[in-house]
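The block underneath contains the structure these notes are about, expressed in structure tokens.
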Protein chains: 2
Amino acid sequence: MIILIPLQLLDTIFNFFNIMISQPTIKPYVIGLDLGGTNSVFGIVDSRGDIKATTAIKTQAYNNVDDYVNASIEALQIIIDQVGGIGKIKAMGIGAPNANYYKGTIEYAPNIAWGHECCVPLADMFSKKLGIPVAITNDANAAAIGEMTYGVARGMKNFIVLTLGTGVGSGIVINGQLVYGCDGFAGELGHVIMRRENGRSCGCGRTGCLEAYCSATGVARTAREFLATTDTPSVLREMKPEDITSLDVSIAAGKGDELAKRVYDFTGEMLGEACADFAAFSSPEAFIFFGGLTKAGDLIMDPIKKSYDEHVMNVFKGKAQFLISGLDGSSAAVLGASAIGWDIQEEAK
Amino acid sequence: MIILIPLQLLDTIFNFFNIMISQPTIKPYVIGLDLGGTNSVFGIVDSRGDIKATTAIKTQAYNNVDDYVNASIEALQIIIDQVGGIGKIKAMGIGAPNANYYKGTIEYAPNIAWGHECCVPLADMFSKKLGIPVAITNDANAAAIGEMTYGVARGMKNFIVLTLGTGVGSGIVINGQLVYGCDGFAGELGHVIMRRENGRSCGCGRTGCLEAYCSATGVARTAREFLATTDTPSVLREMKPEDITSLDVSIAAGKGDELAKRVYDFTGEMLGEACADFAAFSSPEAFIFFGGLTKAGDLIMDPIKKSYDEHVMNVFKGKAQFLISGLDGSSAAVLGASAIGWDIQEEAK
């Protein structure tokens with residue numbers, strides 16, 4: 001049977017299919033990967049920061065980056081299918097130690113078996129396997145983009161995120177853009193020098209860095225110093241000094257322990273002084289604190305604010321807010337990583 | 001007499017005039033104003049940084065901002081006519097103390113008789129009189145834009161200009177944009193704290209600021225301290241301590257004076273340490289030094305570079321250049337101010 005179609009109708013049909021084909025597919029999700037030395041946690045996230053599906057593999061289980069990427073893809077495929085397939089996913093963001101945003105690589109990462117050397121092109125490897133754009137940045141930068149996308153920095157153009165964890169990291173946003181510098185490694189505010197004489201040794205090989213005092217390990221070290229050099233009574237005296245962690249200090253301070261509170265006063269005072277210097281650089285509208293130490297709440301935030309007000313230049317007084325991260329702790333790193341995905345077309349090469 | 005024009009020809013004539021009218025006029029110049037406490041120097045500058053005409057008035061001669069602007073316009077009119085009229089001029093840039101870029105104002109400028117109060121809307125006042133866009137920023141920011149437009153930072157996207165004059169100022173460029181922060185006052189790197197204990201008092205009311213050591217007055221102060229606390233022989237001992245200026249130190253050092261050279265070593269060492277901290281912030285591709293102290297050349301630049309290499313984090317080593325301003329000293333401030341004019345349509349509100 002031959003169907004006769006008038007030319008005009010044929011045209012209409014063609015146009016219809018043309019529109020169907022050229023219409024951009026709606027891609028409501030991004031993948032976030034929080035790549036740590038121990039675990040790699042994946043999440044598929046929507047634009048409101050809701051994690052739709054999640055999975056994880058052991059980073060440590062792979063000595064070879066190809067095996068690591070293959071295992072990742074295998075685990076990812078299951079959750080990608082759960083949300084409707086790769087066609088629903090716009091991009092992938094990776095938050096990882098020693099990440100070079102410009103090159104998409106991990107460089108000399110001491111805690112990753114397959115990351116010791118320069119340079120693992122992880123973004124490209126994932127991008128080729130998944131067929132979507134992939135960007136990579138360090139954890140603190142991911143946290144900053146996470147705050148701007150889903151957290152307390154929504155709508156802000158100039159702010160600094162300080163991550164107070166095992167180390168002190170930072171993500172700096174100026175004019176609405178993350179600061180990567182000439183090499184992709186800008187924003188190492190944990191390594192400005194706070195004590196130029198007799199400073200504590202720092203993991204970076206120098207002495208007197210902010211991180212040596214204001215990281216979780218720095219806080220435990222301060223507690224040990226105060227226990228050794230004062231006779232202030234403290235429940236921490238019941239512990240072996242080498243066993244004391246920042247969590248112990250936090251619990252003790254929460255119960256009103258005098259020495260533990262002095263440890264937070266000392267830590268907050270130094271953070272406030274450091275922030276006063278950072279204000280002289282970029283005059284941010286907010287400093288946002290992220291990571292384990294922020295669980296101490298006002299015990300750490302009050303001395304930070306007090307010290308900042310005492311030390312900052314008059315012209316900057318009263319202009320910056322001091323905030324605790326708005327991202328849920330357990331999923332914050334995955335959210336931060338995923339947030340890079342939304343920016344990828346504007347920013348990535 | 002009536003001339004009959006065919007309709008088609010009329011159309012052609014109309015189109016011709018239409019093109020003439022809608023064609024944007026070529027505006028090859030910008031006005032730069034270097035507004036100092038004593039003098040106000042105006043220049044009309046082309047896109048290559050050649051100053052086509054220049055004039056000046058005494059800032060100090062006016063107690064009232066209206067009188068100041070009227071006198072400025074009167075002086076300007078002569079050089080505007082010299083270059084072909086206001087139609088040739090795209091915009092005006094002003095470099096001034098206590099300038100707020102966002103608001104176009106001068107705020108609480110202690111050294112300007114009509115600038116003591118908040119807020120003199122100088123950009124608007126000039127803009128209304130001249131009928132062109134006008135932007136205002138502080139001297140160090142103007143220097144940074146000047147370097148990017150006409151100087152050694154052409155083509156750079158991430159660099160820091162440090163102005164070593166009576167004070168220490170800075171202009172920071174990140175991702176090709178000047179850093180103004182949330183309030184227009186970012187980039188006060190002369191006021192990061194370099195000595196947290198027993199620091200020298202600073203004009204900002206605090207102690208230990210970089211400016212208290214590495215400005216021209218800081219250098220003279222260091223010389224006086226070294227003369228008082230050491231017995232190193234020096235030609236500077238022939239002067240009254242209170243008469244010693246940074247120029248005297250520079251001349252002495254140029255002749256091989258041991259104490260004067262130690263003053264530059266001390267100054268350069270501190271600047272290098274400060275730059276190492278700045279690298280941790282924005283990882284610039286260059287630090288550019290501007291102002292009186294740079295006349296000492298290698299005497300100051302060598303210790304800066306040596307100290308930077310000793311103090312900077314490993315990841316940043318060898319990445320930043322250390323440069324002296326490429327702008328001609330006598331006209332640098334006018335050139336810097338004028339350079340703001342070229343950016344005005346993209347950046348100003």
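In the structure tokens, each chain is lettered A, B, ... as it comes, each chain's residues begin at 1, and ligands are numbered from 1 in order of appearance.
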I need the residues in range 40-221 of chain B that are alpha helix (DSSP H) according to DSSP; give them as a PyMOL selection string. chain B and resi 65-82+122-130+139-150+211-214+216-221
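Counting only C-alpha atoms, Pro303 in chain A has the following residues at most 9 Å away, ignoring those fewer than 4 positions along the same chain: Tyr264, Asp265, Phe266, Thr267, Gly268, Glu269, Met270, Leu271, Gly272, Asp298, Leu299, Ser307 and Tyr308 of chain A.
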Report as a ChimeraX atom specification all protein, DNA and RNA residues lying within 12 Å of Ser330 in chain B, evaluated on only C-alpha atoms, omitting residues in the same chain fewer than 3 positions from it. /B:34,41,43,51,290-292,326-327,333-336
Write down, as an mmCIF file with N, CA and C atoms, in the first residue's frame, each residue of chain B that has any atom within 8 Å of an atom of chain A, counting only C-alpha atoms.
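File produced: iface09.cif:
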data_model
loop_
_atom_site.group_PDB
_atom_site.id
_atom_site.type_symbol
_atom_site.label_atom_id
_atom_site.label_comp_id
_atom_site.auth_asym_id
_atom_site.auth_seq_id
_atom_site.Cartn_x
_atom_site.Cartn_y
_atom_site.Cartn_z
ATOM 1 N N LYS B 157 47.177 37.209 34.013
ATOM 2 C CA LYS B 157 45.838 37.109 34.605
ATOM 3 C C LYS B 157 45.887 37.093 36.127
ATOM 4 N N ASN B 158 47.047 36.758 36.690
ATOM 5 C CA ASN B 158 47.175 36.628 38.146
ATOM 6 C C ASN B 158 48.488 37.241 38.598
ATOM 7 N N ILE B 174 43.314 38.859 39.961
ATOM 8 C CA ILE B 174 43.028 37.418 39.966
ATOM 9 C C ILE B 174 42.065 37.139 38.817
ATOM 10 N N ASN B 175 42.353 36.124 38.040
ATOM 11 C CA ASN B 175 41.525 35.805 36.865
ATOM 12 C C ASN B 175 41.322 37.026 35.964
ATOM 13 N N VAL B 179 40.967 42.828 42.353
ATOM 14 C CA VAL B 179 40.241 42.361 43.540
ATOM 15 C C VAL B 179 39.793 43.575 44.357
ATOM 16 N N TYR B 180 38.480 43.789 44.420
ATOM 17 C CA TYR B 180 37.935 44.891 45.211
ATOM 18 C C TYR B 180 37.263 44.406 46.497
ATOM 19 N N GLY B 181 36.926 43.116 46.559
ATOM 20 C CA GLY B 181 36.267 42.573 47.741
ATOM 21 C C GLY B 181 34.842 43.034 47.860
ATOM 22 N N CYS B 182 34.248 42.786 49.036
ATOM 23 C CA CYS B 182 32.816 43.057 49.202
ATOM 24 C C CYS B 182 32.533 44.544 49.328
ATOM 25 N N ASP B 183 33.563 45.343 49.632
ATOM 26 C CA ASP B 183 33.327 46.756 49.951
ATOM 27 C C ASP B 183 34.126 47.723 49.077
ATOM 28 N N PHE B 185 37.439 47.847 49.144
ATOM 29 C CA PHE B 185 38.681 48.200 49.844
ATOM 30 C C PHE B 185 39.676 47.051 49.962
ATOM 31 N N ALA B 186 39.438 45.946 49.251
ATOM 32 C CA ALA B 186 40.380 44.818 49.328
ATOM 33 C C ALA B 186 41.756 45.236 48.826
ATOM 34 N N GLY B 187 42.764 44.419 49.152
ATOM 35 C CA GLY B 187 44.116 44.688 48.664
ATOM 36 C C GLY B 187 44.885 45.654 49.538
ATOM 37 N N GLU B 188 44.820 45.452 50.847
ATOM 38 C CA GLU B 188 45.592 46.299 51.779
ATOM 39 C C GLU B 188 46.762 45.486 52.329
ATOM 40 N N LEU B 189 47.593 44.974 51.412
ATOM 41 C CA LEU B 189 48.642 44.052 51.842
ATOM 42 C C LEU B 189 49.747 44.727 52.645
ATOM 43 N N HIS B 191 49.158 46.039 55.223
ATOM 44 C CA HIS B 191 48.690 45.924 56.604
ATOM 45 C C HIS B 191 48.441 44.490 57.045
ATOM 46 N N VAL B 192 49.105 43.525 56.409
ATOM 47 C CA VAL B 192 49.181 42.196 57.030
ATOM 48 C C VAL B 192 50.241 42.302 58.133
ATOM 49 N N ILE B 193 50.066 41.467 59.151
ATOM 50 C CA ILE B 193 50.937 41.573 60.334
ATOM 51 C C ILE B 193 52.175 40.685 60.155
ATOM 52 N N ARG B 195 54.973 41.114 62.372
ATOM 53 C CA ARG B 195 55.542 40.913 63.718
ATOM 54 C C ARG B 195 54.391 40.933 64.713
ATOM 55 N N ARG B 196 54.034 39.759 65.217
ATOM 56 C CA ARG B 196 52.874 39.689 66.115
ATOM 57 C C ARG B 196 53.230 40.066 67.545
ATOM 58 N N CYS B 204 48.101 52.858 60.696
ATOM 59 C CA CYS B 204 46.709 52.366 60.724
ATOM 60 C C CYS B 204 46.207 52.201 62.152
ATOM 61 N N ARG B 206 47.492 50.041 64.352
ATOM 62 C CA ARG B 206 47.849 48.737 64.912
ATOM 63 C C ARG B 206 49.385 48.616 64.968
ATOM 64 N N ALA B 276 55.672 35.197 50.237
ATOM 65 C CA ALA B 276 55.459 33.749 50.391
ATOM 66 C C ALA B 276 54.056 33.481 50.933
ATOM 67 N N ASP B 277 53.601 34.316 51.878
ATOM 68 C CA ASP B 277 52.221 34.178 52.379
ATOM 69 C C ASP B 277 51.210 34.553 51.291
ATOM 70 N N ALA B 279 51.539 34.190 48.144
ATOM 71 C CA ALA B 279 51.491 33.083 47.181
ATOM 72 C C ALA B 279 50.518 32.010 47.664
ATOM 73 N N ALA B 280 50.511 31.757 48.983
ATOM 74 C CA ALA B 280 49.583 30.761 49.536
ATOM 75 C C ALA B 280 48.138 31.199 49.322
ATOM 76 N N PHE B 281 47.924 32.498 49.167
ATOM 77 C CA PHE B 281 46.571 32.998 48.917
ATOM 78 C C PHE B 281 46.219 32.842 47.436
ATOM 79 N N SER B 282 46.959 33.517 46.549
ATOM 80 C CA SER B 282 46.467 33.589 45.166
ATOM 81 C C SER B 282 47.432 33.032 44.124
ATOM 82 N N SER B 283 48.556 32.453 44.543
ATOM 83 C CA SER B 283 49.533 31.870 43.608
ATOM 84 C C SER B 283 49.662 32.693 42.318
ATOM 85 N N PRO B 284 50.195 33.909 42.442
ATOM 86 C CA PRO B 284 50.315 34.782 41.262
ATOM 87 C C PRO B 284 51.479 34.365 40.366
ATOM 88 N N GLU B 285 51.414 34.744 39.092
ATOM 89 C CA GLU B 285 52.546 34.458 38.203
ATOM 90 C C GLU B 285 53.644 35.505 38.351
ATOM 91 N N HIS B 311 61.267 30.847 51.946
ATOM 92 C CA HIS B 311 60.077 30.792 52.793
ATOM 93 C C HIS B 311 58.831 30.241 52.124
ATOM 94 N N MET B 313 56.052 27.884 50.199
ATOM 95 C CA MET B 313 55.748 26.445 50.171
ATOM 96 C C MET B 313 56.362 25.814 48.929
ATOM 97 N N ASN B 314 56.770 24.564 49.061
ATOM 98 C CA ASN B 314 57.387 23.852 47.932
ATOM 99 C C ASN B 314 56.564 23.930 46.649
ATOM 100 N N VAL B 315 55.246 23.769 46.790
ATOM 101 C CA VAL B 315 54.387 23.698 45.606
ATOM 102 C C VAL B 315 54.456 24.976 44.766
#
Apply DSSP to the backbone of this structure and, from range 169-232 of chain A, keep only the residues in strand (DSSP E or B); write these as JSON, numbers by chain. {"A": [169, 170, 171, 172, 173, 174, 177, 178, 193, 201, 207, 209]}
Near Tyr101 in chain B, within 8 Å and counting only C-alpha atoms, which residues show up once chain neighbours fewer than 4 positions away are dropped, as number ranges by chain? B: 105, 135-138, 180, 184
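Taking CA of Gly36 in chain A as the reference point, CA of Ile340 in chain A is found at 16.8 Å.
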Report as a PyMOL selection string all protein, DNA and RNA residues lying within 12 Å of Lys58 in chain A, evaluated on only C-alpha atoms, omitting residues in the same chain fewer than 3 positions from it. chain A and resi 34-42+55+61-63+67-69+71-72+75+112-113
Which residue, B:Ala252, B:Ile78, B:Val161, B:Val45, has the smallest gap to Ile145 in chain B when you use only C-alpha atoms? B:Val161
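Every protein, DNA or RNA residue with an atom at most 8 Å from range 211-213 of chain A, where only C-alpha atoms count and chain neighbours fewer than 2 positions away do not, is listed here: Gly167, Val168, Gly190, His191, Arg200, Ser201, Cys202, Gly203, Thr207, Gly208, Cys209, Ser215, Thr217, Gly218, Val219, Arg221, Thr222 and Thr267 of chain A.
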